[in-house]
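Undergrad: Below is the structure I would like to discuss, written out as structure tokens.
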Amino acid sequence: MGASGGRLIAAWVLVAFVIAGAFPLVTGIYQYLLVIVHFSRLHYKRCAPWLPRTAILIPAWNEGAVIGTSIDRLMRLDYPADALRIYVVDDASTDETPRLVQAKAAEYPGNVFHLRRDKGGEGKAQTLNHGLATIMSDDWMQALLIMDADVVYERTSLRAMTRHLADPAVGAVTGYIQEGSRPGNYLTRFIAYEYITAQAAARRAQNVIGALACLAGGAQLHSRANIEAIGGRIDTGTLAEDTVSTFRTQLAGRRVLFEPHAKVWAEEPGSISALWKQRLRWARGNVQVTWRFRRVWFRPARAHRLGSLSFGAIWFSVFLLPVTLLLASASLVALYFVDSQLSHTAFKSLWIINVITYVFLLFYTLLIDPQSGRRSWRQGALFPGLVSLVIMASVLLSAQVNWLARNALVWAGVGYGHTVVASEVLFAYVWLAGSMAVAYLAKVVERDSGPGKYLSKVLLYLAGYGSLLCVITLTAYLKEFSRAEATWDKTMKTGKIGVPS
């Protein structure tokens with residue numbers, strides 16, 4: 001094979017790597033198309049009004065700002081009070097949490113129980129197991145609801161979840177966690193939009209596939225039979241104990257369902273640094289889960305759907321997103337020096353798919369949850385970042401954008417020669433990867449006040465919230481592969497949450 005033949009093969013290999021960058025986009029569209037047929041896979045025909053004796057298990061460390069309100073709201077659920085027991089596992093709190101829980105135990109005798117751990121800080125799973133040991137010591141509990149100390153359930157949410165457990169084939173049910181920080185800020189509105197895509201949409205799609213990726217940590221309801229089947233304890237070997245429970249339930253042959261009408265409101269991080277701490281823990285947990293269940297992926301089985309092609313594609317489209325972005329950017333740059341015309345065609349094809357995905361997902365997301373959408377539509381529109389939106393516009397309206405750029409540079413006294421054009425092209429090629437660097441910089445410069453507070457916001461809007469999630473996942477790879485210490489860092493909450501009455 002001659003040099004020209006080798007060059008041609010190299011060029012098309014690079015094109016393949018660029019187009020691989022469209023894999024997460026195509027998978028995103030596929031998920032949303034599945035949502036359209038969700039009505040045909042509803043579980044409601046197998047539901048029945050069932051109000052089992054439910055133990056609510058709440059791990060709590062220094063939750064004085066929220067625990068009292070959470071307990072009061074639970075006692076106001078549309079659910080028989082004599083079928084509810086709330087167990088708050090106090091993980092050696094140093095604030096007012098013990099006193100507040102004890103006061104609520106006195107206010108609601110027989111419904112609220114305070115369980116104290118003298119040694120804390122061992123992680124959420126250890127705290128949950130402390131409570132489980134008490135709950136499983138007798139046969140009162142028929143269903144177990146694991147939740148976070150700060151989340152607030154709408155009145156009918158628990159009832160909406162328990163009806164699914166009337167079907168013995170169902171092992172666990174999760175609800176729809178919605179961002180409820182009030183008044184909130186630009187970052188919590190990004191999270192509100194993200195939760196529509198990651199829960200209201202993605203989990204409906206997973207219902208259709210028949211495999212759920214994760215029971216939300218703040219809203220996971222298990223039947224007693226399921227808890228017993230997975231060993232009567234919560235896994236302590238990862239940072240994603242809720243995902244492990246989800247997988248183990250399905251591997252044991254029981255279904256896990258998402259109930260979109262069980263709405264649960266949560267206060268989410270209002271700063272990039274707080275979000276980084278929370279999501280890095282989640283991302284590292286996903287790395288651990290991906291490796292732990294490596295023999296499940298793409299191996300179909302009769303007992304469960306975790307090994308299906310659809311579920312694997314959805315899981316890895318998110319898990320490998322940083323890799324596909326880096327690979328696409330590097331391949332575009334290399335292709336530019338091998339065959340600049342082919343690089344332009346590959347770049348344009350990738351970004352046209354980006355535009356189609358962006359428009360489709362944006363409008364569909366706002367339709368799925370109009371209530372949250374009204375509050376977060378601006379962040380939804382800016383989710384990819386301002387620079388990416390400019391690149392999309394330049395792909396669709398290349399002549400007009402080039403005219404504007406040329407005239408702007410001429411007006412500024414800068415020539416529009418080959419060097420400038422090449423710099424623009426290479427910048428656009430690098431941006432898929434570069435956006436992650438800018439998002440990381442937004443975290444680095446963030447401050448509570450002063451210029452850093454505003455600069456971090458500008459940088460995040462330029463890079464996009466999605467790029468921030470990608471760089472967090474990339475950091476999780478590095479942390480896990482370097483075997484950095486894995487700690488369960490709690491996100492501090494203030495109790496500033498607004499919930500529809």
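Numbering starts fresh at 1 for the residues of each chain in the structure tokens, the chains themselves are lettered A, B, ... in the order given, and ligands are numbered from 1 as they appear.
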Using the chain letters and numbers from this document, which residues of range 173-337 of chain A does DSSP assign to helix (DSSP H, G or I), as a PyMOL selection string?
TA: chain A and resi 186-209+224-229+241-251+272-292+309-319+321-337
Undergrad: Can you pull out the residues contacting range 120-124 of chain A? Cut-off 9 Å, using only C-alpha atoms, and skip same-chain residues under 5 positions away; I want them as a list in words.
TA: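 My list of contacting residues is Pro59, Ala60, Trp61, Asp90, Asp91, Ala92, Ser93, Asn129, Thr236, Leu239, Glu241, Thr487, Trp488 and Asp489 of chain A.
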Undergrad: Those same residues, written as a CSV table (one decimal), in the first residue's frame with all heavy atoms?
TA:
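Final output, result_1.csv:
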chain,number,residue,atom,x,y,z
A,59,PRO,N,-31.3,8.7,56.7
A,59,PRO,CA,-30.0,9.0,57.3
A,59,PRO,C,-29.8,10.5,57.5
A,59,PRO,O,-30.2,11.3,56.7
A,59,PRO,CB,-29.0,8.5,56.2
A,59,PRO,CG,-29.8,8.7,54.9
A,59,PRO,CD,-31.3,8.5,55.3
A,60,ALA,N,-29.2,10.8,58.7
A,60,ALA,CA,-29.1,12.3,59.0
A,60,ALA,C,-27.8,12.6,59.7
A,60,ALA,O,-27.5,12.0,60.7
A,60,ALA,CB,-30.3,12.7,59.8
A,61,TRP,N,-27.1,13.5,59.1
A,61,TRP,CA,-25.9,14.1,59.8
A,61,TRP,C,-26.0,15.6,59.8
A,61,TRP,O,-26.0,16.2,58.7
A,61,TRP,CB,-24.6,13.6,59.2
A,61,TRP,CG,-23.4,14.2,59.9
A,61,TRP,CD1,-22.9,13.8,61.1
A,61,TRP,CD2,-22.6,15.2,59.4
A,61,TRP,NE1,-21.8,14.6,61.4
A,61,TRP,CE2,-21.6,15.5,60.4
A,61,TRP,CE3,-22.6,16.0,58.2
A,61,TRP,CZ2,-20.6,16.5,60.2
A,61,TRP,CZ3,-21.6,17.0,58.0
A,61,TRP,CH2,-20.7,17.2,59.0
A,90,ASP,N,-29.5,9.1,63.2
A,90,ASP,CA,-28.6,10.2,63.5
A,90,ASP,C,-27.2,9.8,63.5
A,90,ASP,O,-26.7,9.0,64.4
A,90,ASP,CB,-29.1,10.8,64.9
A,90,ASP,CG,-28.1,11.8,65.4
A,90,ASP,OD1,-27.3,12.3,64.7
A,90,ASP,OD2,-28.2,12.1,66.6
A,91,ASP,N,-26.4,10.2,62.5
A,91,ASP,CA,-25.1,9.7,62.3
A,91,ASP,C,-24.1,10.6,63.1
A,91,ASP,O,-23.2,11.2,62.5
A,91,ASP,CB,-24.7,9.8,60.8
A,91,ASP,CG,-23.5,9.0,60.4
A,91,ASP,OD1,-23.3,7.9,61.0
A,91,ASP,OD2,-22.7,9.5,59.6
A,92,ALA,N,-24.2,10.5,64.4
A,92,ALA,CA,-23.4,11.2,65.3
A,92,ALA,C,-23.3,12.7,65.0
A,92,ALA,O,-22.3,13.4,65.0
A,92,ALA,CB,-21.9,10.7,65.3
A,93,SER,N,-24.5,13.3,64.8
A,93,SER,CA,-24.7,14.7,64.5
A,93,SER,C,-24.1,15.5,65.7
A,93,SER,O,-24.3,15.2,66.8
A,93,SER,CB,-26.1,15.1,64.2
A,93,SER,OG,-26.6,14.4,63.1
A,129,ASN,N,-27.7,1.0,57.0
A,129,ASN,CA,-27.6,-0.4,57.6
A,129,ASN,C,-27.9,-0.4,59.1
A,129,ASN,O,-28.5,-1.4,59.6
A,129,ASN,CB,-26.3,-1.1,57.3
A,129,ASN,CG,-26.2,-1.5,55.8
A,129,ASN,OD1,-27.3,-1.8,55.2
A,129,ASN,ND2,-25.0,-1.5,55.3
A,236,THR,N,-22.0,-1.5,50.8
A,236,THR,CA,-21.1,-0.5,51.4
A,236,THR,C,-19.8,-0.4,50.6
A,236,THR,O,-18.9,0.3,50.9
A,236,THR,CB,-20.7,-0.8,52.8
A,236,THR,OG1,-20.1,-2.1,52.9
A,236,THR,CG2,-22.0,-0.8,53.7
A,239,LEU,N,-19.6,4.1,46.1
A,239,LEU,CA,-20.2,5.4,46.5
A,239,LEU,C,-21.6,5.6,45.8
A,239,LEU,O,-22.2,6.6,45.9
A,239,LEU,CB,-19.3,6.6,46.0
A,239,LEU,CG,-17.9,6.7,46.7
A,239,LEU,CD1,-17.1,7.8,46.0
A,239,LEU,CD2,-18.2,7.2,48.1
A,241,GLU,N,-24.5,3.4,46.4
A,241,GLU,CA,-25.2,2.3,47.0
A,241,GLU,C,-26.6,2.2,46.4
A,241,GLU,O,-27.2,1.1,46.3
A,241,GLU,CB,-25.3,2.5,48.5
A,241,GLU,CG,-26.3,3.5,49.0
A,241,GLU,CD,-25.9,5.0,48.7
A,241,GLU,OE1,-24.7,5.2,48.6
A,241,GLU,OE2,-26.8,5.8,48.6
A,487,THR,N,-14.5,9.2,49.6
A,487,THR,CA,-15.2,9.6,50.8
A,487,THR,C,-16.6,10.0,50.4
A,487,THR,O,-16.8,10.5,49.3
A,487,THR,CB,-14.5,10.8,51.5
A,487,THR,OG1,-14.3,11.9,50.6
A,487,THR,CG2,-13.1,10.3,52.0
A,488,TRP,N,-17.5,9.9,51.4
A,488,TRP,CA,-18.9,10.3,51.1
A,488,TRP,C,-19.1,11.7,51.7
A,488,TRP,O,-19.3,11.9,52.9
A,488,TRP,CB,-19.9,9.3,51.8
A,488,TRP,CG,-21.2,9.3,51.2
A,488,TRP,CD1,-21.7,8.4,50.2
A,488,TRP,CD2,-22.3,10.2,51.5
A,488,TRP,NE1,-22.9,8.7,49.9
A,488,TRP,CE2,-23.4,9.8,50.6
A,488,TRP,CE3,-22.5,11.2,52.3
A,488,TRP,CZ2,-24.6,10.4,50.6
A,488,TRP,CZ3,-23.7,11.9,52.3
A,488,TRP,CH2,-24.7,11.5,51.5
A,489,ASP,N,-18.9,12.7,50.8
A,489,ASP,CA,-19.0,14.1,51.2
A,489,ASP,C,-20.4,14.5,51.1
A,489,ASP,O,-21.0,14.5,50.0
A,489,ASP,CB,-18.1,15.0,50.2
A,489,ASP,CG,-16.6,14.7,50.4
A,489,ASP,OD1,-16.2,14.5,51.6
A,489,ASP,OD2,-15.9,14.7,49.4
Undergrad: Give me the residues of range 279-393 of chain A that have any atom at most 12 Å from an atom of range 428-444 of chain A; for each, the nearest atom pair and the distance in Å, rounded to one decimal. Use only C-alpha atoms, sort by chain and number, and format it as CSV.
TA:
residue,atom,partner,partner_atom,distance
A:Leu321,CA,A:Ala433,CA,10.7
A:Pro322,CA,A:Ala433,CA,8.0
A:Val323,CA,A:Ala433,CA,9.3
A:Thr324,CA,A:Ala433,CA,9.3
A:Leu325,CA,A:Leu432,CA,5.6
A:Leu326,CA,A:Ala433,CA,5.0
A:Leu327,CA,A:Ala433,CA,8.4
A:Ala328,CA,A:Leu432,CA,7.6
A:Ser329,CA,A:Val430,CA,5.0
A:Ala330,CA,A:Val430,CA,7.1
A:Ser331,CA,A:Tyr429,CA,8.8
A:Leu332,CA,A:Tyr429,CA,5.8
A:Val333,CA,A:Tyr429,CA,6.2
A:Ala334,CA,A:Tyr429,CA,9.8
A:Leu335,CA,A:Tyr429,CA,10.0
A:Tyr336,CA,A:Tyr429,CA,9.0
A:Ser340,CA,A:Tyr429,CA,11.6
A:Ser343,CA,A:Tyr429,CA,9.1
A:His344,CA,A:Tyr429,CA,9.3
A:Thr345,CA,A:Tyr429,CA,11.9
A:Ala346,CA,A:Tyr429,CA,10.3
A:Phe347,CA,A:Tyr429,CA,7.3
A:Lys348,CA,A:Tyr429,CA,10.3
A:Leu350,CA,A:Tyr429,CA,10.7
A:Trp351,CA,A:Ala428,CA,10.4
A:Asn354,CA,A:Leu432,CA,11.3
A:Pro384,CA,A:Ser435,CA,9.4
A:Gly385,CA,A:Ser435,CA,8.4
A:Leu386,CA,A:Ser435,CA,10.4
A:Val387,CA,A:Trp431,CA,8.3
A:Ser388,CA,A:Trp431,CA,7.9
A:Leu389,CA,A:Ala428,CA,11.4
A:Val390,CA,A:Ala428,CA,9.8
A:Ile391,CA,A:Ala428,CA,7.0
A:Met392,CA,A:Ala428,CA,10.2
Undergrad: Next, write the just-selected residues to a file, as a short mmCIF file (atom, residue, chain, number, x, y, z; two decimals), in the first residue's frame, keeping N, CA, C and O atoms as the atom set.
TA:
data_model
loop_
_atom_site.label_atom_id
_atom_site.label_comp_id
_atom_site.auth_asym_id
_atom_site.auth_seq_id
_atom_site.Cartn_x
_atom_site.Cartn_y
_atom_site.Cartn_z
N LEU A 321 -19.20 9.95 27.62
CA LEU A 321 -19.33 11.23 26.92
C LEU A 321 -18.04 12.04 26.90
O LEU A 321 -17.66 12.58 25.84
N PRO A 322 -17.30 12.16 28.00
CA PRO A 322 -16.03 12.91 27.92
C PRO A 322 -15.05 12.30 26.92
O PRO A 322 -14.33 13.03 26.23
N VAL A 323 -15.03 10.98 26.84
CA VAL A 323 -14.12 10.30 25.91
C VAL A 323 -14.49 10.62 24.47
O VAL A 323 -13.64 10.93 23.64
N THR A 324 -15.79 10.57 24.16
CA THR A 324 -16.22 10.83 22.78
C THR A 324 -15.95 12.28 22.39
O THR A 324 -15.59 12.55 21.24
N LEU A 325 -16.10 13.21 23.34
CA LEU A 325 -15.82 14.62 23.03
C LEU A 325 -14.34 14.84 22.77
O LEU A 325 -13.95 15.51 21.79
N LEU A 326 -13.50 14.29 23.63
CA LEU A 326 -12.05 14.44 23.46
C LEU A 326 -11.58 13.78 22.16
O LEU A 326 -10.76 14.34 21.41
N LEU A 327 -12.12 12.60 21.88
CA LEU A 327 -11.73 11.88 20.68
C LEU A 327 -12.17 12.61 19.42
O LEU A 327 -11.42 12.71 18.44
N ALA A 328 -13.39 13.15 19.43
CA ALA A 328 -13.89 13.88 18.26
C ALA A 328 -13.06 15.13 18.01
O ALA A 328 -12.69 15.42 16.86
N SER A 329 -12.75 15.89 19.06
CA SER A 329 -11.94 17.11 18.90
C SER A 329 -10.55 16.78 18.37
O SER A 329 -10.06 17.41 17.42
N ALA A 330 -9.89 15.80 18.97
CA ALA A 330 -8.54 15.44 18.54
C ALA A 330 -8.53 14.94 17.10
O ALA A 330 -7.62 15.27 16.31
N SER A 331 -9.55 14.18 16.73
CA SER A 331 -9.61 13.64 15.38
C SER A 331 -9.86 14.74 14.36
O SER A 331 -9.30 14.70 13.25
N LEU A 332 -10.68 15.72 14.70
CA LEU A 332 -10.92 16.84 13.78
C LEU A 332 -9.64 17.62 13.52
O LEU A 332 -9.35 17.99 12.38
N VAL A 333 -8.89 17.88 14.57
CA VAL A 333 -7.64 18.63 14.41
C VAL A 333 -6.66 17.84 13.56
O VAL A 333 -6.04 18.37 12.62
N ALA A 334 -6.51 16.54 13.84
CA ALA A 334 -5.60 15.71 13.05
C ALA A 334 -6.07 15.64 11.59
O ALA A 334 -5.26 15.72 10.66
N LEU A 335 -7.38 15.51 11.39
CA LEU A 335 -7.93 15.40 10.03
C LEU A 335 -7.71 16.69 9.25
O LEU A 335 -7.54 16.65 8.01
N TYR A 336 -7.70 17.81 9.94
CA TYR A 336 -7.48 19.10 9.28
C TYR A 336 -6.14 19.11 8.55
O TYR A 336 -6.02 19.66 7.44
N SER A 340 -8.08 18.75 4.78
CA SER A 340 -8.85 19.85 5.37
C SER A 340 -10.30 19.87 4.88
O SER A 340 -11.22 20.19 5.64
N SER A 343 -12.18 17.20 6.66
CA SER A 343 -12.39 17.61 8.06
C SER A 343 -13.57 18.56 8.16
O SER A 343 -14.37 18.48 9.11
N HIS A 344 -13.70 19.44 7.19
CA HIS A 344 -14.83 20.39 7.19
C HIS A 344 -16.15 19.64 7.04
O HIS A 344 -17.13 19.95 7.74
N THR A 345 -16.18 18.65 6.16
CA THR A 345 -17.40 17.87 5.96
C THR A 345 -17.77 17.09 7.22
O THR A 345 -18.94 17.06 7.63
N ALA A 346 -16.78 16.47 7.85
CA ALA A 346 -17.03 15.70 9.08
C ALA A 346 -17.51 16.63 10.20
O ALA A 346 -18.45 16.29 10.93
N PHE A 347 -16.86 17.78 10.32
CA PHE A 347 -17.24 18.76 11.34
C PHE A 347 -18.68 19.23 11.14
O PHE A 347 -19.47 19.26 12.09
N LYS A 348 -19.01 19.56 9.91
CA LYS A 348 -20.35 20.05 9.62
C LYS A 348 -21.40 18.97 9.89
O LYS A 348 -22.46 19.25 10.47
N LEU A 350 -21.21 16.46 12.03
CA LEU A 350 -21.34 16.29 13.47
C LEU A 350 -22.19 17.39 14.09
O LEU A 350 -23.07 17.13 14.92
N TRP A 351 -21.95 18.62 13.68
CA TRP A 351 -22.66 19.74 14.29
C TRP A 351 -24.09 19.87 13.79
O TRP A 351 -24.96 20.40 14.49
N ASN A 354 -25.80 17.73 16.01
CA ASN A 354 -25.88 18.48 17.27
C ASN A 354 -27.07 19.42 17.27
O ASN A 354 -27.81 19.51 18.26
N PRO A 384 -26.07 23.95 26.16
CA PRO A 384 -24.81 23.59 25.49
C PRO A 384 -23.73 24.65 25.62
O PRO A 384 -22.57 24.39 25.28
N GLY A 385 -24.09 25.87 26.05
CA GLY A 385 -23.13 26.96 26.16
C GLY A 385 -23.24 27.92 24.97
O GLY A 385 -23.60 27.53 23.86
N LEU A 386 -22.92 29.16 25.23
CA LEU A 386 -23.04 30.20 24.20
C LEU A 386 -22.11 29.94 23.02
O LEU A 386 -22.49 30.17 21.86
N VAL A 387 -20.91 29.49 23.29
CA VAL A 387 -19.96 29.25 22.19
C VAL A 387 -20.49 28.15 21.28
O VAL A 387 -20.43 28.26 20.05
N SER A 388 -21.02 27.09 21.86
CA SER A 388 -21.58 26.00 21.04
C SER A 388 -22.76 26.49 20.22
O SER A 388 -22.94 26.06 19.07
N LEU A 389 -23.57 27.37 20.79
CA LEU A 389 -24.70 27.91 20.03
C LEU A 389 -24.22 28.74 18.84
O LEU A 389 -24.82 28.70 17.76
N VAL A 390 -23.13 29.49 19.03
CA VAL A 390 -22.55 30.26 17.92
C VAL A 390 -22.04 29.31 16.84
O VAL A 390 -22.23 29.55 15.64
N ILE A 391 -21.40 28.23 17.25
CA ILE A 391 -20.91 27.25 16.28
C ILE A 391 -22.08 26.62 15.52
O ILE A 391 -22.02 26.44 14.29
N MET A 392 -23.16 26.30 16.22
CA MET A 392 -24.35 25.77 15.55
C MET A 392 -24.87 26.76 14.51
O MET A 392 -25.22 26.37 13.39
#
Undergrad: Counting only C-alpha atoms, figure out which residue out of A:Leu42, A:Ile86, A:Val13, A:Leu33 gets nearest to Ile56 in chain A.
TA: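 Under the stated criterion, the closest residue is A:Ile86.
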Undergrad: List the spatial neighbours of range 264-269 of chain A as a ChimeraX atom specification - criterion: any atom at most 7 Å away, only C-alpha atoms, same-chain residues fewer than 6 positions off excluded.
TA: /A:150-154,175-181,188,275,493,497,499
Undergrad: I need the strand (DSSP E) residues of range 161-283 of chain A per DSSP on the backbone, written as a list in words.
TA: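 Residues of range 161-283 of chain A classed as strand (DSSP E): Val170, Gly171, Ala172, Val173, Thr174, Gly175, Tyr176, Ile177, Gln178, Glu179, Gln220, Leu221, His222, Ser223, Arg255, Val256, Leu257, Phe258, Glu259, Pro260, His261, Ala262, Lys263, Val264, Trp265 and Ala266 of chain A.
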Undergrad: From the options A:Asn286, A:Gly253, A:Ser317, A:Arg155, which residue's atoms come nearest to Ala301 in chain A, counting only C-alpha atoms?
TA: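 That would be A:Gly253, the residue with the smallest distance to Ala301 in chain A.
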Undergrad: So that I can check the surroundings of range 230-232 of chain A, please list as a list in words every protein, DNA and RNA residue that reaches within 8 Å of it, counting only C-alpha atoms and ignoring chain neighbours fewer than 5 positions away.
TA: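 Selected residues are Leu132, Met136, Ser245, Arg248, Thr249 and Ala252 of chain A.
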Undergrad: Store the residues picked out above in a file with N, CA and C atoms, as a short mmCIF file (atom, residue, chain, number, x, y, z; two decimals), in the first residue's frame.
TA:
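Saved result, out.cif, follows:
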data_model
loop_
_atom_site.label_atom_id
_atom_site.label_comp_id
_atom_site.auth_asym_id
_atom_site.auth_seq_id
_atom_site.Cartn_x
_atom_site.Cartn_y
_atom_site.Cartn_z
N LEU A 132 -31.56 -0.25 59.19
CA LEU A 132 -32.15 -1.49 58.68
C LEU A 132 -32.11 -2.62 59.70
N MET A 136 -35.55 -4.48 60.39
CA MET A 136 -35.71 -5.87 59.99
C MET A 136 -35.76 -6.83 61.17
N SER A 245 -28.15 -1.20 44.57
CA SER A 245 -29.43 -1.80 44.97
C SER A 245 -30.35 -1.97 43.76
N ARG A 248 -28.97 -4.92 41.66
CA ARG A 248 -29.14 -6.21 42.33
C ARG A 248 -30.61 -6.63 42.34
N THR A 249 -31.51 -5.67 42.49
CA THR A 249 -32.94 -5.98 42.44
C THR A 249 -33.32 -6.60 41.11
N ALA A 252 -31.90 -10.04 40.36
CA ALA A 252 -32.61 -11.08 41.11
C ALA A 252 -33.96 -11.41 40.48
#
Undergrad: Could you check the closest approach to Val458 in chain A for each of A:Tyr186, A:Gly217, A:Arg302, A:Phe316 and tell me which residue wins, using only C-alpha atoms?
TA: A:Tyr186
Undergrad: Show which residues sit within 10 Å of Thr290 in chain A, as a VMD selection string. Count only C-alpha atoms, and ignore same-chain residues fewer than 6 positions away.
TA: chain A and resid 284 296 to 297 315 to 316 319
Undergrad: Find the residue from A:Trp140, A:Trp276, A:Tyr44, A:Tyr454 that sits nearest to Ala83 in chain A; use only C-alpha atoms when measuring.
TA: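 Smallest separation from Ala83 in chain A among the options: A:Trp140.
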